[in-house]
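> Here it is, the structure in full.
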Amino acid sequence: MSNVNNSNNPNPTRAFYNKFFRHAQGAGVKGYSNHYCPGCGHGVAQKYLAESISELGIQDKTITVSPVGCSVFMYYYMDTGNTQAAHGRASVTALGHKFANPGSVVISYQGDGDLASIGLAEIVSTAQLGIPITVIFINNAIYGMTGGQMAPTTLMGQRTSTSPNGRQPIMGAPFKIAELISNLDGPVYVERVALFNAKERTKAKKAIKKGLKLQMENKGFSFIEVLAECPTHLKISALESEKWVQEKMLPMFPLGVKKDLFAEGAEAGAGAGTGATHTNNFNLTAPTFDAKKVFDIVTGGNDETVPRYAKGVFPKHLDPKDVSMKLAGSGGDGAQTAAMLIAQSAINEGHDATHIPSYGPESRGGTSYADIHVAAEEVLSPASPTPQILIAFNGPSLMKFGPTVANGGIIIYDSSVVTNAPSFKQAKVYGVPFAEIAVKLGNAMVKNIVALGALQAASKLYPEETFLTAVKTALKSKPKFIEVNEKAFREGMKAIH
Amino acid sequence: MTANQQKNPKEKAKPFLFSEFCKGCGRCIEACPKNCIVIGQDINTFTGLIPIKISLENCIGCSLCVNACPEPYALAMSTEEMREREEREQSKNKGAGATFSDPSEMFGLDKSPLPKAKKAIDEEMNLPISGPQILKGNYASAIGAILSGCRHFYGYPITPSTEGAELMAKLMPQLDGIFFQAVSEVATVNIMYGTGGAGLPSMTFTSSPGFSLMVEGISYMIGSEIPGVFINIMRGGPGLGNIAPEQSDIKLVCNGLGHGNTHAVVLAPSTPQEMLDLTMKAFELSFKYRNPVIVVADGYLGQMTGKVILPKKLKKPAIPEWAVYGDKEHRANLMCSIYLTEKDLEDHNHYLDRKYDEIKKNEQMADLYKCDDAEVIIVACNTPAQMAKGSVADLRSKGVKAGLFRPMTLWPFPIDKFKTVLPRARHIVVVEANSSGQLEDELRLNLNRSQVTVHPPIHNVRRCGGILPSQQEITEKILSLKLKEV
């Protein structure tokens, strides 16, 4: 049903389908009636929701998310976009819709089993986020669809099929969700309403409409808890169930506005929970697909082609096809950066390269190893169990990996921290004081570049310009560090005799 | 209620009961200030229920009864003219084979048909020409997603997949896209359900324990036919296991995507380049089949840096005609995995089966390395496939005719291609990084289902706990097979 309302029609228009084709294929009376038991509060709340959608003129852009429980079949009735969500997840599914189309109006309509039990993490985090969606929370103090089990909002002493002797203290107290949500920073509007008499029903309709309006105006997250009747599982008549809500539920779940940053006369920010509040913070521009812009963003603008100083000649003196290396040290030694620069150098020369880091479990100061391969055509196995070149930044690394270096290989270690290195007969060993040289240059951080210089001089893997170009490219955004790195590289080279 | 106010001052609107739609709950009785309504006595022949009875004598037309009614179409406000028209309709419908009247007249409904969305076509734009980039596997995958048009990233940090999320956190705001760190993996997959349901590409990076939490949502996505791409950088398990590489989830992604009849294309890259290429393929397939797609990599591959060449084009996705986007064109659409009647659900599963068959027919991918004359076929994927590739080179230099069969889709398993290498094969060696032989199980299941009952012996090289099978281990195992005796 859309917004057409002929002048002679006294009925409010409502965003319900003309006929409920999804309800038992629309057969018989089911095509025009809902699946709810006689007297159920859901039908009343949904009617107000459907009326509000029409009155606000938002039917075309509304998406209704219905989860699991008695709210599951909302999509039978609401003539809006419809998504049926997993149990408890409606609020985050709604979030997914809102992120996809910030101009849509997204409603998450959830019952107490769904929202207040299995979906607690989702609703609390979504509410705190403050993104403008509207959550309608139907609290009838019981699980309906599964057949009258205890809900998180079941009252103390209330008998249900899973609290046959009444809800006991061991089962915890009923969850006051509106109060919980209103204490979060995210929401702009939280109210608890009821349906048990005409006066409360008028307020309920008004609250639902207000929640949607706040979303339309991009004001923020709104939450309306509706105390509803479930006569079937309370095993009383519809009229008795209205009285039950009034007499039994109200003392535990007091009605009223719990938070409203946009109440008439309220100052901005008044009535907030704790700390900062989000208001009007969701103003997304359409994503970028401009090819040049996307390219610059994903590559960091790296579209330079650099000269091949080695003219594409592979360092066959080290290996005919594939040189394997290992850089080993502690976190902060710069082993990974140096490894990346070696791989970059090889790729700039038109070769293939891989680099695999491995770390100890510590966030800082643990072991930090890098396996590198440089291959003429394709790196096959990227691990370096028997490297041809080892750079060790400390004693333990040298002791651990020195013996694994291949026959005829090269070992370079930091002689400023390893003072009595053992001899490795299978390899050529160079002690270079990485750290000492770096400190002399006034920047201890560049010891890995000293090591890189030493590697170049000892191995002739690639010409020095190849490495220096890689270093300069890496420092494109920090040009003031280029000079000290260049010096470090040359000092490293000089240290190899 | 302004809309309820009488437009014609000569005539007061009064309630009218469509008794077929009244369940007789009596909520209107309490609502009426003039006590015009009572519990009825007569059973309605259509419903077997007893509707309420209204007498309009004292009615003041306040409409409170209508507002109290939980039914959409049971009570309406009506003018005398409307009532008379409706009563004429109803009297016509009395007797055997009678029908009840459509309330749309009385409610003044717009009878125009629901909007129908048009088929939309994705745009493609040329990217600048560039040299090779040097990228970490996780980064390459993230960039592949961006070039596929993904501007919605949701995730929860978990090692060793986090670099992907971190890069997205940096890039998405620059692209005016969304990066959102969810409260959990459970929330992540359900946000993807919403965004995918709205017809837009979305993705996540996760690792084994996080992926376990997502399978409920993946089952819902499959049931509702919602696309989305999951990059699972597999790590050692079970339980917390460790953060080192394993191929521990092959069984889960191929045969355990949550409850019900669920399958998704599973892609297995083995280099940073393929992390990009297969992530892009994942988006393409995800929308082609309206189904989630899983990319599985091991922790090694996620962390590994290598040479990556960018594609020539980037995609700007259109809103598909089936989407629940939140606009007029798509208003009639529904995302739903409920099929309440048994036959409907059976039909839906048969429909999904046909889709799975279509995928099996069209999308099997494998890379065959030196398999043409191979007598020893190594089967491996992800980083172990790279180790195996090294081993093939070793073995060939020792005169062993070895080749690598590398499935790039684990589901569907590329069994058709595998059958082409079987006639020459004398040994099959499955190399994998898990203790139970999950890839081998996929191979055996697919051989069996393809009626291949006679095949060479299947050997294995398995390491786990974060240790990958090494090139040397693979070579040694194959050399130990006493190849000549076969």
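Following the order of the structure tokens, first chain is A, next is B, and so on, with residues numbered from 1 inside each chain and ligands from 1 in the order they appear.
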Using only C-alpha atoms, which residues sit within 6 Å of segment 257-259 of chain B once same-chain residues fewer than 2 positions away are excluded, as a PyMOL selection string?

chain B and resi 215-216+219+253+262

> Restricting the output to N, CA, C and O atoms, write the selected residues as a PDB file, in the first residue's frame.


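To be explicit, this is the file written out as again-v7.pdb:
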```pdb
ATOM      1  N   VAL B 215      30.649 -19.390  10.439  1.00  0.00           N
ATOM      2  CA  VAL B 215      29.952 -20.351   9.576  1.00  0.00           C
ATOM      3  C   VAL B 215      28.429 -20.309   9.734  1.00  0.00           C
ATOM      4  O   VAL B 215      27.713 -20.578   8.780  1.00  0.00           O
ATOM      5  N   GLU B 216      27.933 -19.929  10.904  1.00  0.00           N
ATOM      6  CA  GLU B 216      26.471 -19.786  11.036  1.00  0.00           C
ATOM      7  C   GLU B 216      25.966 -18.773  10.011  1.00  0.00           C
ATOM      8  O   GLU B 216      25.038 -19.044   9.236  1.00  0.00           O
ATOM      9  N   SER B 219      26.051 -19.942   6.408  1.00  0.00           N
ATOM     10  CA  SER B 219      24.902 -20.788   6.071  1.00  0.00           C
ATOM     11  C   SER B 219      23.681 -19.927   5.711  1.00  0.00           C
ATOM     12  O   SER B 219      22.985 -20.193   4.745  1.00  0.00           O
ATOM     13  N   VAL B 253      35.873 -25.666   5.075  1.00  0.00           N
ATOM     14  CA  VAL B 253      35.411 -24.808   3.976  1.00  0.00           C
ATOM     15  C   VAL B 253      34.823 -25.621   2.822  1.00  0.00           C
ATOM     16  O   VAL B 253      33.958 -25.126   2.096  1.00  0.00           O
ATOM     17  N   THR B 262      25.045 -26.766   2.360  1.00  0.00           N
ATOM     18  CA  THR B 262      25.797 -25.554   2.053  1.00  0.00           C
ATOM     19  C   THR B 262      27.087 -25.869   1.314  1.00  0.00           C
ATOM     20  O   THR B 262      27.817 -26.785   1.692  1.00  0.00           O
TER      21      THR B 262
END
```

> Which residues of chain A have any atom within 6 Å of an atom in chain B when counting only C-alpha atoms, and what is the closest pair of atoms for each, with the distance in Å to one decimal? Order the rows by chain and rising number and write it as a Markdown table.


```
| residue | atom | partner | partner_atom | distance |
| --- | --- | --- | --- | --- |
| A:Met1 | CA | B:Leu109 | CA | 5.5 |
| A:Ser2 | CA | B:Asp110 | CA | 6.0 |
| A:Val4 | CA | B:Asp110 | CA | 5.9 |
| A:Pro10 | CA | B:Asn4 | CA | 4.8 |
| A:Asn11 | CA | B:Asn4 | CA | 5.5 |
| A:Pro12 | CA | B:Ala3 | CA | 5.2 |
| A:Ser33 | CA | B:Phe21 | CA | 5.8 |
| A:Pro38 | CA | B:Cys25 | CA | 4.9 |
| A:Gly39 | CA | B:Cys25 | CA | 4.8 |
| A:Gly43 | CA | B:Pro70 | CA | 4.0 |
| A:Val44 | CA | B:Pro70 | CA | 4.3 |
| A:Asp60 | CA | B:Lys328 | CA | 4.4 |
| A:Lys61 | CA | B:Gly326 | CA | 4.4 |
| A:Thr62 | CA | B:Gly326 | CA | 5.5 |
| A:Ile63 | CA | B:Gly326 | CA | 5.7 |
| A:Thr80 | CA | B:Arg331 | CA | 5.3 |
| A:Gly81 | CA | B:Arg331 | CA | 4.5 |
| A:Asn82 | CA | B:Leu334 | CA | 4.8 |
| A:Thr83 | CA | B:Met335 | CA | 4.6 |
| A:Gln84 | CA | B:Cys336 | CA | 5.0 |
| A:Val92 | CA | B:Ile191 | CA | 5.2 |
| A:Thr93 | CA | B:Gly194 | CA | 4.4 |
| A:Gly96 | CA | B:Gly194 | CA | 4.1 |
| A:His97 | CA | B:Gly194 | CA | 4.7 |
| A:Ala100 | CA | B:Thr195 | CA | 5.2 |
| A:Ser104 | CA | B:Gly326 | CA | 5.0 |
| A:Ala198 | CA | B:Ala31 | CA | 5.9 |
| A:Ala238 | CA | B:Cys25 | CA | 5.7 |
| A:Pro287 | CA | B:Asp176 | CA | 4.4 |
| A:Thr288 | CA | B:Leu175 | CA | 5.1 |
| A:Ala291 | CA | B:Leu127 | CA | 5.4 |
| A:Asp303 | CA | B:Ser130 | CA | 5.1 |
| A:Ala353 | CA | B:Gly306 | CA | 5.7 |
| A:Thr354 | CA | B:Gly306 | CA | 4.5 |
| A:His355 | CA | B:Thr305 | CA | 4.9 |
| A:Ile356 | CA | B:Met304 | CA | 4.5 |
| A:Leu380 | CA | B:Gly390 | CA | 4.8 |
| A:Ser381 | CA | B:Met387 | CA | 4.3 |
```

> With N, CA and C atoms kept, could you save the residues just selected as a short mmCIF file (atom, residue, chain, number, x, y, z; two decimals), in the first residue's frame?


```cif
data_model
loop_
_atom_site.label_atom_id
_atom_site.label_comp_id
_atom_site.auth_asym_id
_atom_site.auth_seq_id
_atom_site.Cartn_x
_atom_site.Cartn_y
_atom_site.Cartn_z
N MET A 1 0.85 -1.19 0.00
CA MET A 1 0.00 0.00 0.00
C MET A 1 0.89 1.24 0.00
N SER A 2 0.70 2.12 -0.91
CA SER A 2 1.59 3.27 -0.91
C SER A 2 0.84 4.49 -0.37
N VAL A 4 -1.05 6.66 -1.49
CA VAL A 4 -2.32 7.16 -2.05
C VAL A 4 -3.41 7.08 -0.97
N PRO A 10 -11.26 7.62 5.32
CA PRO A 10 -10.87 8.04 6.68
C PRO A 10 -9.74 7.20 7.28
N ASN A 11 -9.24 6.20 6.54
CA ASN A 11 -8.21 5.33 7.13
C ASN A 11 -6.81 5.84 6.82
N PRO A 12 -5.93 5.73 7.80
CA PRO A 12 -4.55 6.11 7.53
C PRO A 12 -3.94 5.13 6.54
N SER A 33 -4.67 -11.53 6.81
CA SER A 33 -4.48 -11.43 8.26
C SER A 33 -3.07 -11.88 8.63
N PRO A 38 -4.50 -14.44 18.51
CA PRO A 38 -5.45 -13.37 18.85
C PRO A 38 -4.93 -12.53 20.01
N GLY A 39 -4.98 -11.22 19.84
CA GLY A 39 -4.62 -10.32 20.94
C GLY A 39 -3.14 -10.02 21.07
N GLY A 43 1.03 -7.38 16.49
CA GLY A 43 0.19 -6.84 15.43
C GLY A 43 -0.05 -5.35 15.60
N VAL A 44 -0.24 -4.94 16.85
CA VAL A 44 -0.49 -3.52 17.13
C VAL A 44 0.76 -2.69 16.82
N ASP A 60 9.48 3.81 0.20
CA ASP A 60 10.38 3.31 -0.84
C ASP A 60 11.80 3.10 -0.33
N LYS A 61 12.21 3.91 0.64
CA LYS A 61 13.60 3.77 1.06
C LYS A 61 13.76 2.99 2.37
N THR A 62 12.67 2.41 2.84
CA THR A 62 12.75 1.68 4.10
C THR A 62 13.13 0.22 3.88
N ILE A 63 13.97 -0.28 4.76
CA ILE A 63 14.27 -1.71 4.80
C ILE A 63 13.92 -2.22 6.19
N THR A 80 7.97 -2.96 2.16
CA THR A 80 9.23 -2.20 2.12
C THR A 80 10.27 -3.21 1.67
N GLY A 81 11.51 -2.78 1.49
CA GLY A 81 12.56 -3.77 1.31
C GLY A 81 12.60 -4.64 2.56
N ASN A 82 12.83 -5.95 2.39
CA ASN A 82 12.79 -6.84 3.55
C ASN A 82 14.00 -7.75 3.61
N THR A 83 14.54 -7.87 4.82
CA THR A 83 15.61 -8.83 5.04
C THR A 83 15.31 -9.61 6.30
N GLN A 84 15.43 -10.92 6.17
CA GLN A 84 15.20 -11.78 7.32
C GLN A 84 16.57 -12.17 7.85
N VAL A 92 22.89 -5.91 13.65
CA VAL A 92 24.10 -5.76 12.82
C VAL A 92 23.78 -5.97 11.34
N THR A 93 22.78 -6.79 11.04
CA THR A 93 22.35 -6.91 9.65
C THR A 93 21.80 -5.56 9.18
N GLY A 96 24.61 -3.39 8.32
CA GLY A 96 25.13 -3.71 6.99
C GLY A 96 24.32 -3.03 5.89
N HIS A 97 23.00 -2.98 6.08
CA HIS A 97 22.15 -2.28 5.11
C HIS A 97 22.41 -0.78 5.13
N ALA A 100 25.57 0.09 3.47
CA ALA A 100 25.48 -0.06 2.02
C ALA A 100 24.76 1.13 1.40
N SER A 104 19.09 5.04 3.06
CA SER A 104 17.92 4.21 3.35
C SER A 104 17.51 4.38 4.81
N ALA A 198 -5.64 2.86 25.43
CA ALA A 198 -5.64 3.80 24.30
C ALA A 198 -4.59 4.89 24.47
N ALA A 238 -6.85 -11.94 25.93
CA ALA A 238 -6.18 -10.72 25.46
C ALA A 238 -6.39 -9.57 26.44
N PRO A 287 31.26 6.24 -2.39
CA PRO A 287 32.64 5.76 -2.53
C PRO A 287 33.26 6.15 -3.87
N THR A 288 34.58 6.20 -3.87
CA THR A 288 35.34 6.58 -5.06
C THR A 288 35.61 5.38 -5.96
N ALA A 291 39.50 5.86 -11.52
CA ALA A 291 40.60 4.90 -11.72
C ALA A 291 41.94 5.46 -11.26
N ASP A 303 54.10 4.40 -9.42
CA ASP A 303 54.00 3.98 -10.82
C ASP A 303 55.31 4.25 -11.56
N ALA A 353 61.02 -12.29 -6.56
CA ALA A 353 61.53 -12.29 -5.19
C ALA A 353 60.40 -12.54 -4.22
N THR A 354 60.72 -13.19 -3.12
CA THR A 354 59.75 -13.33 -2.03
C THR A 354 60.43 -13.04 -0.70
N HIS A 355 59.62 -12.66 0.24
CA HIS A 355 60.12 -12.38 1.60
C HIS A 355 59.06 -12.89 2.58
N ILE A 356 59.49 -13.76 3.48
CA ILE A 356 58.57 -14.23 4.51
C ILE A 356 59.11 -13.85 5.87
N LEU A 380 60.40 -20.80 -6.32
CA LEU A 380 59.60 -22.01 -6.12
C LEU A 380 59.29 -22.13 -4.63
N SER A 381 60.21 -22.68 -3.85
CA SER A 381 59.96 -22.76 -2.41
C SER A 381 60.47 -21.50 -1.73
#
```

> Going by DSSP on the backbone, which bits of segment 452-483 of chain A are helix (DSSP H, G or I)? Write them as an NGL selection string, please.

:A and (452-459 or 464-474 or 479-483)

> Could you give me, as a PDB file with C-alpha atoms, in the first residue's frame, the residues within 9 Å of segment 138-151 of chain A, counting only C-alpha atoms and dropping anything in the same chain fewer than 2 positions from it?


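So the final result, stored in out_31.pdb, reads:
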```pdb
ATOM      1  CA  GLY A  41       0.934  -7.048  20.836  1.00  0.00           C
ATOM      2  CA  HIS A  42       3.098  -7.579  17.745  1.00  0.00           C
ATOM      3  CA  ALA A  45       3.160  -2.428  17.102  1.00  0.00           C
ATOM      4  CA  VAL A  68      14.016 -15.009  14.583  1.00  0.00           C
ATOM      5  CA  GLY A  69      11.097 -15.403  16.958  1.00  0.00           C
ATOM      6  CA  CYS A  70       7.569 -14.099  16.493  1.00  0.00           C
ATOM      7  CA  SER A  71       8.965 -11.150  14.530  1.00  0.00           C
ATOM      8  CA  TYR A 109      12.403  -5.158  14.760  1.00  0.00           C
ATOM      9  CA  GLN A 110      13.414  -7.626  17.450  1.00  0.00           C
ATOM     10  CA  GLY A 111      11.806  -9.590  20.229  1.00  0.00           C
ATOM     11  CA  ASP A 112      13.141 -10.135  23.738  1.00  0.00           C
ATOM     12  CA  GLY A 113      14.633 -13.573  23.130  1.00  0.00           C
ATOM     13  CA  LEU A 115      17.627  -8.886  21.245  1.00  0.00           C
ATOM     14  CA  ALA A 116      18.032  -9.334  24.990  1.00  0.00           C
ATOM     15  CA  SER A 117      19.539 -12.823  24.966  1.00  0.00           C
ATOM     16  CA  ILE A 136      11.913  -1.610  17.805  1.00  0.00           C
ATOM     17  CA  THR A 153      12.772 -10.213  30.489  1.00  0.00           C
ATOM     18  CA  THR A 154      10.590 -12.836  32.195  1.00  0.00           C
ATOM     19  CA  LEU A 155       9.514 -11.503  35.598  1.00  0.00           C
ATOM     20  CA  GLN A 158       6.791 -15.902  36.451  1.00  0.00           C
ATOM     21  CA  ARG A 159       6.059 -19.457  35.354  1.00  0.00           C
ATOM     22  CA  THR A 160       7.171 -20.465  31.898  1.00  0.00           C
ATOM     23  CA  SER A 161       7.931 -23.857  30.370  1.00  0.00           C
ATOM     24  CA  THR A 162      11.604 -23.489  31.338  1.00  0.00           C
ATOM     25  CA  SER A 163      10.869 -21.890  34.700  1.00  0.00           C
ATOM     26  CA  ARG A 167      11.746 -17.518  37.666  1.00  0.00           C
ATOM     27  CA  PRO A 174      14.856  -9.494  34.294  1.00  0.00           C
ATOM     28  CA  ILE A 224      11.889   1.992  21.301  1.00  0.00           C
ATOM     29  CA  GLU A 225      11.047  -0.769  23.760  1.00  0.00           C
ATOM     30  CA  VAL A 226       7.415  -1.829  23.446  1.00  0.00           C
ATOM     31  CA  LEU A 227       5.818  -3.765  26.310  1.00  0.00           C
ATOM     32  CA  ALA A 228       3.591  -6.183  24.453  1.00  0.00           C
ATOM     33  CA  GLU A 229       1.007  -8.820  25.283  1.00  0.00           C
ATOM     34  CA  CYS A 230       1.427 -12.530  24.690  1.00  0.00           C
ATOM     35  CA  THR A 232      -1.251 -17.372  24.397  1.00  0.00           C
ATOM     36  CA  HIS A 233       1.781 -18.102  26.527  1.00  0.00           C
ATOM     37  CA  LEU A 234       0.553 -16.216  29.546  1.00  0.00           C
ATOM     38  CA  VAL A 245       1.306  -5.908  31.413  1.00  0.00           C
ATOM     39  CA  MET A 249       5.330  -5.595  33.975  1.00  0.00           C
TER      40      MET A 249
END
```

> Using Å and a single decimal, report how far atom CA of Glu476 of chain B sits from atom CA of Ala375 of chain A.

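So the two atoms, atom CA of Ala375 of chain A and atom CA of Glu476 of chain B, lie 23.3 Å apart.
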
> List the spatial neighbours of Ser222 of chain A as a PDB file with all heavy atoms, in the first residue's frame - criterion: any atom at most 8 Å away, only C-alpha atoms, same-chain residues fewer than 4 positions off excluded.


```pdb
ATOM      1  N   PRO A 132      22.610   6.029  12.640  1.00  0.00           N
ATOM      2  CA  PRO A 132      21.152   6.176  12.639  1.00  0.00           C
ATOM      3  C   PRO A 132      20.388   4.990  12.042  1.00  0.00           C
ATOM      4  O   PRO A 132      20.187   4.910  10.841  1.00  0.00           O
ATOM      5  CB  PRO A 132      20.910   7.449  11.823  1.00  0.00           C
ATOM      6  CG  PRO A 132      22.165   7.695  11.086  1.00  0.00           C
ATOM      7  CD  PRO A 132      23.268   7.050  11.829  1.00  0.00           C
ATOM      8  N   ILE A 133      20.020   4.066  12.894  1.00  0.00           N
ATOM      9  CA  ILE A 133      19.029   3.061  12.541  1.00  0.00           C
ATOM     10  C   ILE A 133      17.982   3.093  13.663  1.00  0.00           C
ATOM     11  O   ILE A 133      18.215   3.706  14.706  1.00  0.00           O
ATOM     12  CB  ILE A 133      19.616   1.638  12.378  1.00  0.00           C
ATOM     13  CG1 ILE A 133      20.209   1.135  13.689  1.00  0.00           C
ATOM     14  CG2 ILE A 133      20.651   1.589  11.269  1.00  0.00           C
ATOM     15  CD1 ILE A 133      20.529  -0.350  13.661  1.00  0.00           C
ATOM     16  N   THR A 134      16.854   2.468  13.419  1.00  0.00           N
ATOM     17  CA  THR A 134      15.796   2.463  14.432  1.00  0.00           C
ATOM     18  C   THR A 134      15.539   1.025  14.869  1.00  0.00           C
ATOM     19  O   THR A 134      15.281   0.164  14.031  1.00  0.00           O
ATOM     20  CB  THR A 134      14.506   3.080  13.860  1.00  0.00           C
ATOM     21  OG1 THR A 134      14.825   4.376  13.356  1.00  0.00           O
ATOM     22  CG2 THR A 134      13.432   3.186  14.927  1.00  0.00           C
ATOM     23  N   VAL A 135      15.631   0.799  16.168  1.00  0.00           N
ATOM     24  CA  VAL A 135      15.371  -0.535  16.695  1.00  0.00           C
ATOM     25  C   VAL A 135      14.052  -0.530  17.455  1.00  0.00           C
ATOM     26  O   VAL A 135      13.840   0.312  18.339  1.00  0.00           O
ATOM     27  CB  VAL A 135      16.517  -1.005  17.621  1.00  0.00           C
ATOM     28  CG1 VAL A 135      16.194  -2.364  18.230  1.00  0.00           C
ATOM     29  CG2 VAL A 135      17.838  -1.073  16.866  1.00  0.00           C
ATOM     30  N   PRO A 187      23.117   6.155  21.503  1.00  0.00           N
ATOM     31  CA  PRO A 187      21.744   6.481  21.106  1.00  0.00           C
ATOM     32  C   PRO A 187      21.395   7.948  21.325  1.00  0.00           C
ATOM     33  O   PRO A 187      21.896   8.591  22.241  1.00  0.00           O
ATOM     34  CB  PRO A 187      20.887   5.606  22.030  1.00  0.00           C
ATOM     35  CG  PRO A 187      21.813   4.562  22.546  1.00  0.00           C
ATOM     36  CD  PRO A 187      23.163   5.184  22.602  1.00  0.00           C
ATOM     37  N   VAL A 188      20.486   8.458  20.473  1.00  0.00           N
ATOM     38  CA  VAL A 188      19.981   9.812  20.698  1.00  0.00           C
ATOM     39  C   VAL A 188      18.589   9.786  21.334  1.00  0.00           C
ATOM     40  O   VAL A 188      18.151  10.769  21.904  1.00  0.00           O
ATOM     41  CB  VAL A 188      19.940  10.646  19.397  1.00  0.00           C
ATOM     42  CG1 VAL A 188      21.347  10.869  18.869  1.00  0.00           C
ATOM     43  CG2 VAL A 188      19.050  10.011  18.342  1.00  0.00           C
ATOM     44  N   TYR A 189      17.921   8.642  21.182  1.00  0.00           N
ATOM     45  CA  TYR A 189      16.544   8.596  21.693  1.00  0.00           C
ATOM     46  C   TYR A 189      16.209   7.180  22.134  1.00  0.00           C
ATOM     47  O   TYR A 189      16.353   6.228  21.365  1.00  0.00           O
ATOM     48  CB  TYR A 189      15.587   9.057  20.583  1.00  0.00           C
ATOM     49  CG  TYR A 189      14.113   8.843  20.874  1.00  0.00           C
ATOM     50  CD1 TYR A 189      13.508   9.409  22.002  1.00  0.00           C
ATOM     51  CD2 TYR A 189      13.326   8.087  20.002  1.00  0.00           C
ATOM     52  CE1 TYR A 189      12.159   9.204  22.251  1.00  0.00           C
ATOM     53  CE2 TYR A 189      11.980   7.894  20.246  1.00  0.00           C
ATOM     54  CZ  TYR A 189      11.392   8.450  21.380  1.00  0.00           C
ATOM     55  OH  TYR A 189      10.062   8.262  21.632  1.00  0.00           O
ATOM     56  N   VAL A 190      15.801   7.044  23.399  1.00  0.00           N
ATOM     57  CA  VAL A 190      15.387   5.745  23.929  1.00  0.00           C
ATOM     58  C   VAL A 190      14.099   5.946  24.722  1.00  0.00           C
ATOM     59  O   VAL A 190      14.048   6.809  25.606  1.00  0.00           O
ATOM     60  CB  VAL A 190      16.471   5.136  24.867  1.00  0.00           C
ATOM     61  CG1 VAL A 190      16.026   3.775  25.385  1.00  0.00           C
ATOM     62  CG2 VAL A 190      17.823   5.035  24.164  1.00  0.00           C
ATOM     63  N   GLY A 211      11.111   7.830  16.357  1.00  0.00           N
ATOM     64  CA  GLY A 211      12.352   7.072  16.119  1.00  0.00           C
ATOM     65  C   GLY A 211      12.707   7.062  14.642  1.00  0.00           C
ATOM     66  O   GLY A 211      13.871   7.250  14.264  1.00  0.00           O
ATOM     67  N   LEU A 212      11.692   6.861  13.803  1.00  0.00           N
ATOM     68  CA  LEU A 212      11.944   6.847  12.358  1.00  0.00           C
ATOM     69  C   LEU A 212      12.334   8.228  11.846  1.00  0.00           C
ATOM     70  O   LEU A 212      13.208   8.371  11.000  1.00  0.00           O
ATOM     71  CB  LEU A 212      10.691   6.366  11.620  1.00  0.00           C
ATOM     72  CG  LEU A 212      10.332   4.891  11.808  1.00  0.00           C
ATOM     73  CD1 LEU A 212       9.038   4.574  11.072  1.00  0.00           C
ATOM     74  CD2 LEU A 212      11.457   4.001  11.308  1.00  0.00           C
ATOM     75  N   LEU A 214      13.847  10.604  13.474  1.00  0.00           N
ATOM     76  CA  LEU A 214      15.230  10.915  13.852  1.00  0.00           C
ATOM     77  C   LEU A 214      16.216  10.251  12.895  1.00  0.00           C
ATOM     78  O   LEU A 214      17.255  10.820  12.566  1.00  0.00           O
ATOM     79  CB  LEU A 214      15.500  10.454  15.291  1.00  0.00           C
ATOM     80  CG  LEU A 214      14.866  11.315  16.373  1.00  0.00           C
ATOM     81  CD1 LEU A 214      14.931  10.615  17.727  1.00  0.00           C
ATOM     82  CD2 LEU A 214      15.547  12.684  16.448  1.00  0.00           C
ATOM     83  N   GLN A 215      15.850   9.047  12.456  1.00  0.00           N
ATOM     84  CA  GLN A 215      16.722   8.388  11.477  1.00  0.00           C
ATOM     85  C   GLN A 215      16.687   9.110  10.133  1.00  0.00           C
ATOM     86  O   GLN A 215      17.723   9.348   9.515  1.00  0.00           O
ATOM     87  CB  GLN A 215      16.307   6.918  11.292  1.00  0.00           C
ATOM     88  CG  GLN A 215      17.222   6.214  10.304  1.00  0.00           C
ATOM     89  CD  GLN A 215      16.901   4.755  10.069  1.00  0.00           C
ATOM     90  OE1 GLN A 215      17.528   4.140   9.240  1.00  0.00           O
ATOM     91  NE2 GLN A 215      15.970   4.174  10.798  1.00  0.00           N
TER      92      GLN A 215
END
```

> Just want the 12 Å neighbourhood of Ile437 of chain A, counted on only C-alpha atoms, with same-chain residues fewer than 2 positions away dropped. Output as a VMD selection string.

chain A and resid 414 to 417 432 to 435 439 to 451 453 to 454 484 to 485 487 to 495

> How many Å separate atom CA of Arg462 of chain B from atom CA of Pro160 of chain B?

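Atom-to-atom, atom CA of Arg462 of chain B to atom CA of Pro160 of chain B, that is 21.1 Å.
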
> Mind checking which residues fall within 12 Å of segment 24-27 of chain A, counting only C-alpha atoms, ignoring those fewer than 2 positions away in the same chain, and posting them as an NGL selection string?

(:A and (17-22 or 29-35 or 73 or 76-77)) or (:B and (46 or 99-100 or 102 or 339-341 or 344))

> So which residues touch Thr159 of chain B within 12 Å, counting only C-alpha atoms, skipping near sequence neighbours fewer than 4 positions away, as a list of chain:residue names?

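Listing them by chain and then by number gives A:Tyr359, A:Pro361, B:Asn138, B:Glu163, B:Gly164, B:Ala165, B:Glu166, B:Phe205, B:Thr206, B:Ser207, B:Ser208, B:Pro209, B:Gly210, B:Asn232, B:Ile233, B:Met234, B:Arg235, B:Gly236, B:Leu240, B:Gly241, B:Asn242, B:Ile243, B:Ala244, B:Pro245, B:Asp298, B:Gly299, B:Tyr300, B:Gly302, B:Gln303.
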